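K.L.:
A single structure is presented below for examination.
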Amino acid sequence: MKKSFKQILALGLAVVMTASMLTGCSGKSGNSGSTDSSSTTDTSGSDSTAKNDGVLDIGYTSMLESLTPFRGNTLRNAPFITQVFESLAVVNENREMEPWVAKSWETNDDGFTYNVEIWDKVTDSEGNKITAADIVWFIQESMTRALKPVFSKVESVEQTGDYTLTVKMKSNIVGTFESLLRDTFAISKTAFEASTDEFGATLVSTSAYKVTEYTTNSILALEKRDDYWQDEANLPKCVVPAVKKLSYHCITESSQMAIALETGIVDMVIALDASSVAQFVDNNDYTVELAEGSQGWQMFFSGADNSEVANNLKLRQAICYSIDENGLIAGLLQGYGTPMYDVCPPMFNGFNEKWVNEEYYNYNVEKAKQLIAESGYNGETISILTTSTTLTQRLAEMLQSYMMAIGVKVELNVVDMALYTSIRLDGTQYDIVLNSIGGTYLPDHWSIRYDPAAYKTGDATSRHDNTLGELLYKTWTPSGFTEANIDEVHNYIKDNAIAYGMFNPQTIVVIRKDAGLEEEVLEYQGYIAPASSKFTNY
Amino acid sequence: MPKTIEKAKKQSEFVRIIKQMSKNKMAMLGLAILSAEIILAILSPYIIPYDYSHMDMVNTFAKPSFQHPFGCDDMGRDIFSRILYGARYSISIGIIAVGIGTFFGCTIGATAGYFGGQVDNVIMRFLDVIQAIPGMLLMIVISAVLGPGYFNTIIALSIGSISGMARLLRAQMLKERENEYIEAAQSINCSKFRIIVSHLLPNCISPMIVSATMGVAQTITVAAGLSFIGLGVQPPTPEWGAMLSAARQFIRQAPHLVYFPGLAIAVTVLALNLLGDGLRDALDPKLKN
Amino acid sequence: MLKYVGKRLIWMIPIVLGVAILVFVMMTFCPGRPEQIILGATATEAELAAKRLELGLDDPFLIRLGRYMSDVFIHFDLGKSWLTNVDIMSSIWERLPRTLMLTVATLLISVGVGVPLGVIAAIKQNKWQDSLCMVLALVGVAVPNFWLALLLVLQFSVKLEWLPALGIGTGLAGIKYYILPAISGSTGGLANCARQTRSAMLDVIRADYITTARSKGVPERDVIIKHALKNSLIPIITVMGTMFGQFLGGAMIIETIFSIPGMGTYIIGAVNSRDYPIVQGGSIFLAITFSFCMLIVDLLYAMVDPRIKAQYASQKKRRKVKVNA
């Protein structure tokens, strides 16, 4: 008996030891709000030696999977892109195009043909001179590779002089040529062809920075070149190379990201997860900056004939009314987000400020229930397709609960990114698909989502709505891109509940005070452009 | 006549094991915890205080209190209810996956162990191949092939445990096959199936039981690992691993979200291991005192 | 001995071939269209078809398999990533050392802590020290790796500031980056190791020669370390082999948390983007690594136990004797 007593005692002891370790950690984090500031001061003090290495370290959630300039749309907006590649033009913080490698461009036929002139002194880090031939080659190569949708809108491209070229577009949809300017990088054909891995691991570009260290999914270190071709005075403000050395760290775990910032592994974090912000807010050692998000999260209703929602407007409207946007913002984003007034957030070119004051399916359970009753819905299961990231999973769970509250039966189809990409355009596979679609101009978004001729199966959810198609086409020409025409599309999508903008997460940037931020320069999504801002220590 | 003797002998063996086990306080503790959990899991729909999927945005991140003993999660759902209900998924995933794995492992292992020769060779080489792929990688690939979900996760996890079980049983069979009573059975033209099932298996079963008990524990943690990668059981199923993995980003802000599902897994796994260790000692003839 | 090593190395060939075929078959059944992932959602049907043609996805299964096998095993070319065009072999050479470093560090911790725990438990069998050691070993295994990892980071990186929370370093200073990941990954193996050590020690402690040694007046410490532990090493070494395989797989999760760009993150990323050549190539390399490790384990056996060494030398002879008997 005595022996077994001791055994139990030993077990108890072990449990207490473990528990003390666990509570030791959690106890500290439990009151992080009040005590953290003192501990972080210590951190910065003890890390000061490590911090004087002259490198601005930046934490970001993803990383280039290779250095190739021929890329898909993923990471198109990542903060390091403008330091790795140079494009013909760049979008500035006022969402206007500013010339960069291009000197100027013009069109004489309402946006079908453009004449582009590039600078005559562009050289890359190996001294290769960039001429119009390289730009033409880059566009043609991109058209063949078809990785970015914008290149499929190019009819032809032709060199007209050493530094001039002509681009013919297939259509004159507003914003398409601007996208092309953004996505055409200045790369020397000679250097590219000399590379054994198509710039997979090493890169030669015209950028003001040279990649000094690059490990897939881990780190990207950049150092300012001495022999950069352009005078800084001629550069758009958001791409001026102000910081000498910077290095991006890819950190996927959101709690690890906060810890990296806290322990000084990184000096700033771009796009910190809302769940980790609390400890940095009202903390004297950090600057927290919020920028309106550029994408927003939307739900798209299937347009496929076999879908329950496709032919039932009242059901779709009821679902829109059942969603508590503020609940989503509180639950998913800890309040760091804004409701939406259109499928696209206000940052899009073409967004009409008056929409903000209009009724946009504001949360209304009574109305939702009434609509359900009128819709003739009789208990079919509605399936929601989404990816398995933390945010989307939680979003789907909340939507499920909101919809169940008005009596709609919901099943979640949570799949990995690959499977999602393969089936999201097939409206027969789901009733609702959750997505976050970016762009610069409203027609960017519209053309890939609601154009009934866009895909073999119809629009992006297998819908064949030609009325909407006609409305869309009207807005696509530069002369038709008018407030009245845009308003018509907005109202059509809204009234028919084809898609619904739910919430727009804010981009959270946190900077350590000891990084010494002096002057901040914003990039087009409204948050800090790290390389172009001035820091005392870098 | 011999049968009854054999039976009597088995019964006494069984009694001995139970006695041995009951002396081992740690094992009994494990068994008690586990039984309690299983009973709670079965009763959970009737005893949970709240609907496990009911969201209440007023109570997001509510700290543990009288109304919510374990607090509420990021969507204001009652963690206590979720953990009780989640026990159904977590424990059943472990048990079913190991059950399937053991069944197929036994079939394959017994076939290889009994027949030996070329059959054995072919099977073992195939197992070598499977074992050369790290277990987690194998399960990730299978999960990706099958897609997420409760049953698919069970299948992925069970396939991962087949080869280990098969090897274990085969080794036992090879040892046991040399015994004279098998020769005797063969000489009286006992069917092969019968020899395997009624003579060899019962004598090889004890390490399998131990290994399966441990296997359930391991499977529960591996399932949590799959959730971490984004595969495995999907929400809103309150499976512990999925809960833990979904809550990990709040580890600083609201540690109780991570604490309770983690603790639920830890206690269960610990109990299973204690039980397994106890079983091992009780079944090990070398440790008969 | 050399002959044995040679034989084992030859045996690895069919195993690696088998792994290559098995993974190839599994990836074929993976849902999700690789060409769609490479080209993005807006690609047209014609572009998708062209990509399928380029990747050879429309060819019959056996032709694809044959082509892949001949590329890998005749031309020793794992191909290029579908998504990024980067040579897979060079990526693996860059990443494999990190995963190996992590795995070896994990193994060292498991053995370094697990064996002493097991020895203490065995010496004090059925006493409270026994229970304490075993429960301590078990507590680690009971906690899911990724949770333990986060807790360790909070304690040792944030609170105590002893160790870096994530990333990799270079040179000797790089070692400290592996400490927390290795501890987080070691728990399962540690418990296993402690258990095996305990039961092996228990077997040996009762053996006659230990009693003899004791009765000869050999100090207890020497009895335990020189005699008992040495002789219980074999079962411990056996578990080391399987542990290595487990750690190699477990590294996938640990690497993700600690942002270590190793094989694990590489392969998981590839599974998620249906970059089949990477999954296949990565699995082949992990299988080779694992097989080598098993070989080393077997050679270690021989070093520890001269009886086994003799067995290798005269394997054929022994088998004959057995048959005759």
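Just so we're on the same page: first chain in the structure tokens is A, next is B, and so on; residues restart at 1 for each chain, and ligands are numbered from 1 in the order they show up.
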Skip A:Pro99 itself and residues of its chain fewer than 2 positions away, then list as a list in words all residues within 7 Å of it, counting only C-alpha atoms.

P.N.:
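Residues near the query, excluding close chain neighbours: Leu88, Ala89, Val90, Met97, Val101, Ala102, Lys103 and Ser104 of chain A.
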
K.L.:
Which residues are near C:Ile15? Cut-off 8 Å, only C-alpha atoms, ignore same chain within fewer than 4 positions. Put them as a ChimeraX atom specification.

P.N.:
/B:125,128-129,132 /C:11,19

K.L.:
Identify which of the residues C:Ile296, C:Leu160, C:Ile123, C:Leu2 lies closest to C:Gly241, counting only C-alpha atoms when measuring atom-to-atom distances.

P.N.:
C:Ile296

K.L.:
Need the shell around C:Arg95: protein/DNA/RNA residues with any atom at most 6 Å away, counting only C-alpha atoms. Skip same-chain ones fewer than 3 positions apart. Format as a list of chain:residue names?

P.N.:
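With the cut-off at 6 Å, the set is C:Ile92, C:Arg98, C:Gly262, C:Met263.
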
K.L.:
Contacts of A:Ala454 at 12 Å or less, counting only C-alpha atoms, minus same-chain residues fewer than 3 places along, as a list in words?

P.N.:
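Neighbouring residues, sequence-local ones excluded: Pro149, Leu425, Trp446, Ser447, Ile448, Arg449, Tyr450, Asp451, Thr457, Gly458, Asp459, Ala460, Thr461, Ser462, Arg463, His464, Asp465, Asn466 and Gly469 of chain A; Ala41, Thr42, Ala43, Thr44 and Glu45 of chain C.
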
K.L.:
What residues in chain B lie within 10 Å of chain A, counting only C-alpha atoms, written as an MDAnalysis selection string?

P.N.:
chainID B and resid 23:26 29 53:58 60:61 73:76 144 147:149 227:231 233:237 245:256 258:259 263 267

K.L.:
Mind checking DSSP for stretch 209-349 of chain A and telling me the strand (DSSP E) residues as number ranges by chain?

P.N.:
A: 209-215, 219-224, 245-250, 268-270, 286-291, 297-301, 337-339

K.L.:
Keeping only N, CA and C atoms, write those residues as a short mmCIF file (atom, residue, chain, number, x, y, z; two decimals), in the first residue's frame.

P.N.:
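Produced file part.cif, reproduced below:
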data_model
loop_
_atom_site.label_atom_id
_atom_site.label_comp_id
_atom_site.auth_asym_id
_atom_site.auth_seq_id
_atom_site.Cartn_x
_atom_site.Cartn_y
_atom_site.Cartn_z
N TYR A 209 18.47 46.75 -55.91
CA TYR A 209 19.01 45.82 -54.93
C TYR A 209 19.48 44.54 -55.60
N LYS A 210 20.51 43.97 -55.01
CA LYS A 210 20.97 42.68 -55.49
C LYS A 210 20.63 41.64 -54.42
N VAL A 211 20.15 40.49 -54.85
CA VAL A 211 19.84 39.43 -53.90
C VAL A 211 21.14 38.82 -53.41
N THR A 212 21.41 38.94 -52.11
CA THR A 212 22.67 38.39 -51.59
C THR A 212 22.48 37.02 -50.96
N GLU A 213 21.27 36.76 -50.49
CA GLU A 213 21.01 35.44 -49.92
C GLU A 213 19.56 35.10 -50.20
N TYR A 214 19.36 33.87 -50.65
CA TYR A 214 17.98 33.48 -50.92
C TYR A 214 17.81 32.00 -50.63
N THR A 215 16.92 31.69 -49.73
CA THR A 215 16.57 30.30 -49.45
C THR A 215 15.06 30.18 -49.57
N ILE A 219 14.41 32.84 -46.38
CA ILE A 219 15.00 34.16 -46.26
C ILE A 219 15.32 34.76 -47.63
N LEU A 220 15.20 36.07 -47.69
CA LEU A 220 15.56 36.80 -48.91
C LEU A 220 16.31 38.04 -48.45
N ALA A 221 17.62 38.07 -48.69
CA ALA A 221 18.42 39.21 -48.25
C ALA A 221 18.81 40.04 -49.45
N LEU A 222 18.69 41.37 -49.30
CA LEU A 222 18.95 42.27 -50.42
C LEU A 222 19.95 43.34 -50.00
N GLU A 223 20.80 43.73 -50.96
CA GLU A 223 21.76 44.78 -50.67
C GLU A 223 21.74 45.78 -51.81
N LYS A 224 21.80 47.04 -51.44
CA LYS A 224 21.72 48.09 -52.45
C LYS A 224 22.93 48.04 -53.38
N LYS A 245 20.63 47.72 -46.57
CA LYS A 245 20.54 46.25 -46.55
C LYS A 245 19.23 45.88 -45.88
N LEU A 246 18.51 44.98 -46.49
CA LEU A 246 17.32 44.49 -45.82
C LEU A 246 17.14 43.02 -46.08
N SER A 247 16.40 42.38 -45.21
CA SER A 247 16.26 40.95 -45.34
C SER A 247 14.86 40.53 -44.89
N TYR A 248 14.21 39.78 -45.76
CA TYR A 248 12.84 39.33 -45.47
C TYR A 248 12.88 37.92 -44.91
N HIS A 249 12.16 37.72 -43.83
CA HIS A 249 12.09 36.39 -43.22
C HIS A 249 10.70 35.84 -43.39
N CYS A 250 10.62 34.61 -43.86
CA CYS A 250 9.31 33.99 -44.04
C CYS A 250 8.94 33.25 -42.77
N MET A 268 10.55 44.58 -38.07
CA MET A 268 9.16 44.93 -38.36
C MET A 268 8.44 43.75 -38.99
N VAL A 269 7.12 43.77 -38.85
CA VAL A 269 6.32 42.70 -39.45
C VAL A 269 5.29 43.36 -40.35
N ILE A 270 5.18 42.85 -41.56
CA ILE A 270 4.14 43.34 -42.47
C ILE A 270 3.05 42.29 -42.52
N TYR A 286 6.78 49.79 -29.64
CA TYR A 286 6.37 49.42 -30.99
C TYR A 286 5.45 50.47 -31.61
N THR A 287 5.52 50.56 -32.91
CA THR A 287 4.56 51.37 -33.64
C THR A 287 3.64 50.42 -34.38
N VAL A 288 2.36 50.57 -34.17
CA VAL A 288 1.40 49.72 -34.89
C VAL A 288 0.71 50.56 -35.94
N GLU A 289 0.73 50.14 -37.18
CA GLU A 289 0.07 50.90 -38.24
C GLU A 289 -0.97 50.02 -38.92
N LEU A 290 -2.10 50.63 -39.21
CA LEU A 290 -3.16 49.88 -39.86
C LEU A 290 -3.41 50.47 -41.24
N ALA A 291 -3.58 49.59 -42.22
CA ALA A 291 -3.92 50.06 -43.56
C ALA A 291 -5.16 49.32 -44.02
N TRP A 297 -12.91 39.88 -48.29
CA TRP A 297 -13.34 38.49 -48.44
C TRP A 297 -14.77 38.46 -48.97
N GLN A 298 -14.97 37.63 -49.98
CA GLN A 298 -16.29 37.55 -50.59
C GLN A 298 -16.84 36.13 -50.56
N MET A 299 -18.16 36.04 -50.63
CA MET A 299 -18.77 34.74 -50.90
C MET A 299 -19.41 34.82 -52.28
N PHE A 300 -19.19 33.80 -53.08
CA PHE A 300 -19.75 33.75 -54.42
C PHE A 300 -20.76 32.61 -54.47
N PHE A 301 -21.96 32.95 -54.95
CA PHE A 301 -22.98 31.91 -55.07
C PHE A 301 -22.80 31.18 -56.39
N GLY A 337 -10.75 45.15 -38.97
CA GLY A 337 -11.28 45.00 -40.31
C GLY A 337 -12.46 45.94 -40.47
N THR A 338 -12.95 46.05 -41.69
CA THR A 338 -14.10 46.92 -41.95
C THR A 338 -15.14 46.14 -42.74
N PRO A 339 -16.43 46.52 -42.54
CA PRO A 339 -17.45 45.87 -43.36
C PRO A 339 -17.30 46.32 -44.81
#

K.L.:
Please produce, as JSON lines, a per-residue contact table for chain C versus chain B (criterion: any atom at most 6 Å away, only C-alpha atoms considered), showing the nearest atom pair and its distance in Å to one decimal, sorted by chain then residue number.

P.N.:
{"residue": "C:Ile15", "atom": "CA", "partner": "B:Val129", "partner_atom": "CA", "distance": 5.1}
{"residue": "C:Gly18", "atom": "CA", "partner": "B:Val129", "partner_atom": "CA", "distance": 5.7}
{"residue": "C:Val19", "atom": "CA", "partner": "B:Val129", "partner_atom": "CA", "distance": 5.6}
{"residue": "C:Cys30", "atom": "CA", "partner": "B:Val145", "partner_atom": "CA", "distance": 4.2}
{"residue": "C:Ala142", "atom": "CA", "partner": "B:Ala266", "partner_atom": "CA", "distance": 4.4}
{"residue": "C:Val143", "atom": "CA", "partner": "B:Ala266", "partner_atom": "CA", "distance": 5.1}
{"residue": "C:Pro144", "atom": "CA", "partner": "B:Thr221", "partner_atom": "CA", "distance": 5.4}
{"residue": "C:Gly245", "atom": "CA", "partner": "B:Pro134", "partner_atom": "CA", "distance": 5.4}
{"residue": "C:Gly249", "atom": "CA", "partner": "B:Met136", "partner_atom": "CA", "distance": 4.7}
{"residue": "C:Ala287", "atom": "CA", "partner": "B:Ala132", "partner_atom": "CA", "distance": 4.8}

K.L.:
Select from stretch 196-275 of chain C everything DSSP, run on the backbone, classes as alpha helix (DSSP H), then give the selection as a PyMOL selection string.

P.N.:
chain C and resi 196-205+208-215+220-222+230-231+233-257+263-272

K.L.:
Residues within 8 Å of C:Asp87, please, as a list in words. Count only C-alpha atoms; anything in the same chain fewer than 5 positions from it doesn't count.

P.N.:
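These residues fall inside the cut-off: Asp197 of chain A; Leu78, Gly79, Lys80 and Ser81 of chain C.
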
K.L.:
Generate the output file for the selected residues, N, CA and C atoms, as a PDB file, in the first residue's frame.

P.N.:
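Result written to part_36.pdb:
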ATOM      1  N   ASP A 197      19.094  27.685 -64.394  1.00  0.00           N
ATOM      2  CA  ASP A 197      17.824  27.299 -63.784  1.00  0.00           C
ATOM      3  C   ASP A 197      16.741  28.364 -63.978  1.00  0.00           C
TER       4      ASP A 197
ATOM      5  N   LEU C  78      16.321  14.012 -61.127  1.00  0.00           N
ATOM      6  CA  LEU C  78      15.012  14.062 -60.475  1.00  0.00           C
ATOM      7  C   LEU C  78      14.073  15.040 -61.170  1.00  0.00           C
ATOM      8  N   GLY C  79      14.603  15.733 -62.144  1.00  0.00           N
ATOM      9  CA  GLY C  79      13.763  16.666 -62.882  1.00  0.00           C
ATOM     10  C   GLY C  79      13.734  18.030 -62.234  1.00  0.00           C
ATOM     11  N   LYS C  80      12.827  18.865 -62.747  1.00  0.00           N
ATOM     12  CA  LYS C  80      12.697  20.218 -62.221  1.00  0.00           C
ATOM     13  C   LYS C  80      11.314  20.384 -61.619  1.00  0.00           C
ATOM     14  N   SER C  81      11.238  21.323 -60.698  1.00  0.00           N
ATOM     15  CA  SER C  81       9.944  21.619 -60.104  1.00  0.00           C
ATOM     16  C   SER C  81       8.993  22.118 -61.186  1.00  0.00           C
TER      17      SER C  81
END

K.L.:
List as a tab-separated table every residue of chain C that is in contact with chain A, defined as an atom at most 7 Å from one of its atoms (using only C-alpha atoms), together with the nearest atom pair and the distance in Å rounded to one decimal, sorted by chain and then rising number.

P.N.:
residue	atom	partner	partner_atom	distance
C:Pro31	CA	A:Leu419	CA	6.3
C:Gly32	CA	A:Leu419	CA	4.3
C:Arg33	CA	A:Ser422	CA	5.6
C:Gln36	CA	A:Ser422	CA	6.0
C:Ile37	CA	A:Thr421	CA	6.3
C:Leu39	CA	A:Leu147	CA	5.0
C:Gly40	CA	A:Gly72	CA	6.8
C:Ala41	CA	A:Thr421	CA	6.5
C:Thr42	CA	A:Pro149	CA	5.9
C:Ala43	CA	A:Pro149	CA	6.6
C:Thr44	CA	A:Tyr455	CA	6.9
C:Thr84	CA	A:Ser66	CA	5.9
C:Asn85	CA	A:Asp197	CA	6.6
C:Val86	CA	A:Gly200	CA	5.1
C:Asp87	CA	A:Asp197	CA	6.7
C:Lys127	CA	A:Lys3	CA	6.9
C:Trp128	CA	A:Gln7	CA	5.1
C:Ser131	CA	A:Gln7	CA	5.8
C:Leu132	CA	A:Ala10	CA	5.0
C:Val135	CA	A:Leu11	CA	6.3
C:Leu136	CA	A:Ala14	CA	6.0
C:Leu151	CA	A:Cys25	CA	6.7
C:Leu154	CA	A:Cys25	CA	6.3
C:Gln155	CA	A:Cys25	CA	6.0
C:Val158	CA	A:Thr263	CA	6.4
C:Ala165	CA	A:Ala260	CA	6.7
C:Ile257	CA	A:Glu253	CA	6.1
C:Ser259	CA	A:Ile251	CA	5.9
C:Pro261	CA	A:Ser218	CA	5.8
C:Asn272	CA	A:Ala418	CA	5.7
C:Ser273	CA	A:Ala418	CA	5.3
C:Arg274	CA	A:Ala418	CA	6.5

K.L.:
What would the file look like if the residues just selected were written as a compact mmCIF listing (two decimals), in the first residue's frame with N, CA and C atoms?

P.N.:
# COMPACT_ATOMS: atom_id res chain seq x y z
N PRO C 31 -6.24 14.09 -55.95
CA PRO C 31 -7.18 14.97 -56.64
C PRO C 31 -6.57 16.36 -56.79
N GLY C 32 -7.05 17.10 -57.74
CA GLY C 32 -6.48 18.42 -57.99
C GLY C 32 -5.65 18.38 -59.26
N ARG C 33 -5.83 19.41 -60.11
CA ARG C 33 -5.16 19.38 -61.40
C ARG C 33 -3.90 20.22 -61.35
N GLN C 36 -3.65 23.31 -63.55
CA GLN C 36 -4.46 24.45 -63.10
C GLN C 36 -3.73 25.23 -62.02
N ILE C 37 -3.04 24.50 -61.16
CA ILE C 37 -2.32 25.17 -60.08
C ILE C 37 -1.13 25.94 -60.63
N LEU C 39 -0.84 27.19 -63.70
CA LEU C 39 -1.22 28.30 -64.56
C LEU C 39 -2.16 29.29 -63.88
N GLY C 40 -2.76 28.89 -62.78
CA GLY C 40 -3.68 29.81 -62.11
C GLY C 40 -5.10 29.63 -62.62
N ALA C 41 -6.02 30.25 -61.89
CA ALA C 41 -7.45 30.00 -62.14
C ALA C 41 -7.91 30.55 -63.48
N THR C 42 -7.20 31.54 -64.01
CA THR C 42 -7.72 32.22 -65.18
C THR C 42 -7.22 31.62 -66.50
N ALA C 43 -6.44 30.57 -66.41
CA ALA C 43 -5.92 29.97 -67.64
C ALA C 43 -7.06 29.40 -68.48
N THR C 44 -6.91 29.47 -69.80
CA THR C 44 -7.95 28.94 -70.68
C THR C 44 -7.76 27.44 -70.87
N THR C 84 8.32 25.97 -60.35
CA THR C 84 9.36 27.01 -60.36
C THR C 84 10.51 26.70 -61.30
N ASN C 85 10.54 25.53 -61.90
CA ASN C 85 11.62 25.16 -62.81
C ASN C 85 12.97 24.99 -62.15
N VAL C 86 13.01 25.04 -60.83
CA VAL C 86 14.31 24.89 -60.17
C VAL C 86 14.64 23.41 -60.10
N ASP C 87 15.93 23.11 -60.32
CA ASP C 87 16.39 21.73 -60.29
C ASP C 87 16.15 21.13 -58.90
N LYS C 127 10.13 1.21 -7.39
CA LYS C 127 10.19 2.25 -6.35
C LYS C 127 9.64 3.53 -6.95
N TRP C 128 9.54 4.56 -6.10
CA TRP C 128 8.93 5.79 -6.63
C TRP C 128 9.78 6.44 -7.72
N SER C 131 8.65 5.14 -11.06
CA SER C 131 7.43 5.78 -11.56
C SER C 131 7.70 7.19 -12.03
N LEU C 132 8.49 7.92 -11.25
CA LEU C 132 8.75 9.31 -11.60
C LEU C 132 9.44 9.40 -12.96
N VAL C 135 7.00 8.35 -15.76
CA VAL C 135 5.94 9.33 -16.01
C VAL C 135 6.53 10.58 -16.67
N LEU C 136 7.71 10.98 -16.22
CA LEU C 136 8.35 12.13 -16.85
C LEU C 136 8.57 11.88 -18.34
N LEU C 151 5.19 26.15 -26.49
CA LEU C 151 5.44 26.38 -25.07
C LEU C 151 6.92 26.60 -24.80
N LEU C 154 7.95 30.05 -25.90
CA LEU C 154 7.52 31.09 -24.95
C LEU C 154 8.44 31.12 -23.73
N GLN C 155 8.83 29.94 -23.29
CA GLN C 155 9.65 29.86 -22.09
C GLN C 155 11.10 30.27 -22.36
N VAL C 158 11.22 33.72 -25.34
CA VAL C 158 10.58 34.98 -24.97
C VAL C 158 10.90 35.35 -23.53
N ALA C 165 14.06 31.87 -31.37
CA ALA C 165 12.73 31.29 -31.48
C ALA C 165 12.53 30.56 -32.80
N ILE C 257 7.02 24.95 -37.82
CA ILE C 257 6.90 25.88 -36.70
C ILE C 257 8.14 26.76 -36.58
N SER C 259 10.29 27.56 -38.81
CA SER C 259 10.73 28.16 -40.08
C SER C 259 12.11 27.64 -40.52
N PRO C 261 14.05 25.80 -43.34
CA PRO C 261 13.82 25.38 -44.72
C PRO C 261 14.46 24.04 -45.00
N ASN C 272 0.99 20.36 -51.29
CA ASN C 272 -0.08 21.35 -51.38
C ASN C 272 -0.19 21.98 -52.75
N SER C 273 0.90 22.02 -53.50
CA SER C 273 0.81 22.61 -54.83
C SER C 273 0.85 21.53 -55.91
N ARG C 274 0.73 20.28 -55.51
CA ARG C 274 0.72 19.16 -56.46
C ARG C 274 1.93 19.19 -57.38

K.L.:
State, in Å with one decimal place, the distance from atom CA of B:Thr102 to atom CA of B:Asp120.

P.N.:
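Between these atoms lies a distance of 18.1 Å.
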
K.L.:
Set the distance at 12 Å and use only C-alpha atoms: which residues neighbour A:Val204 once local chain neighbours fewer than 4 positions away are removed? I'd like the list as JSON, numbers by chain.

P.N.:
{"A": [67, 68, 69, 84, 85, 86, 123, 124, 125, 126, 127, 128, 129, 130, 185, 186, 187, 188, 189, 190, 191, 192, 193, 194, 195, 198, 199, 200, 208, 209, 210, 211, 212, 225]}

K.L.:
If you measure from atom CA of A:Leu75 to atom CA of A:Ala515, what distance in Å do you get, rounded to one decimal?

P.N.:
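Those two atoms sit 25.7 Å apart.
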
K.L.:
Rank nothing, just name the residue among A:Asn306, A:Thr160, A:Asn491, A:Thr107 nearest to A:Ala132, using only C-alpha atoms.

P.N.:
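Smallest separation from A:Ala132 among the options: A:Thr160.
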
K.L.:
May I have the residues within 10 Å of C:Val223 as a ChimeraX atom specification, using only C-alpha atoms and disregarding those fewer than 2 positions away in the same chain?

P.N.:
/C:205,209-214,217-221,225-230
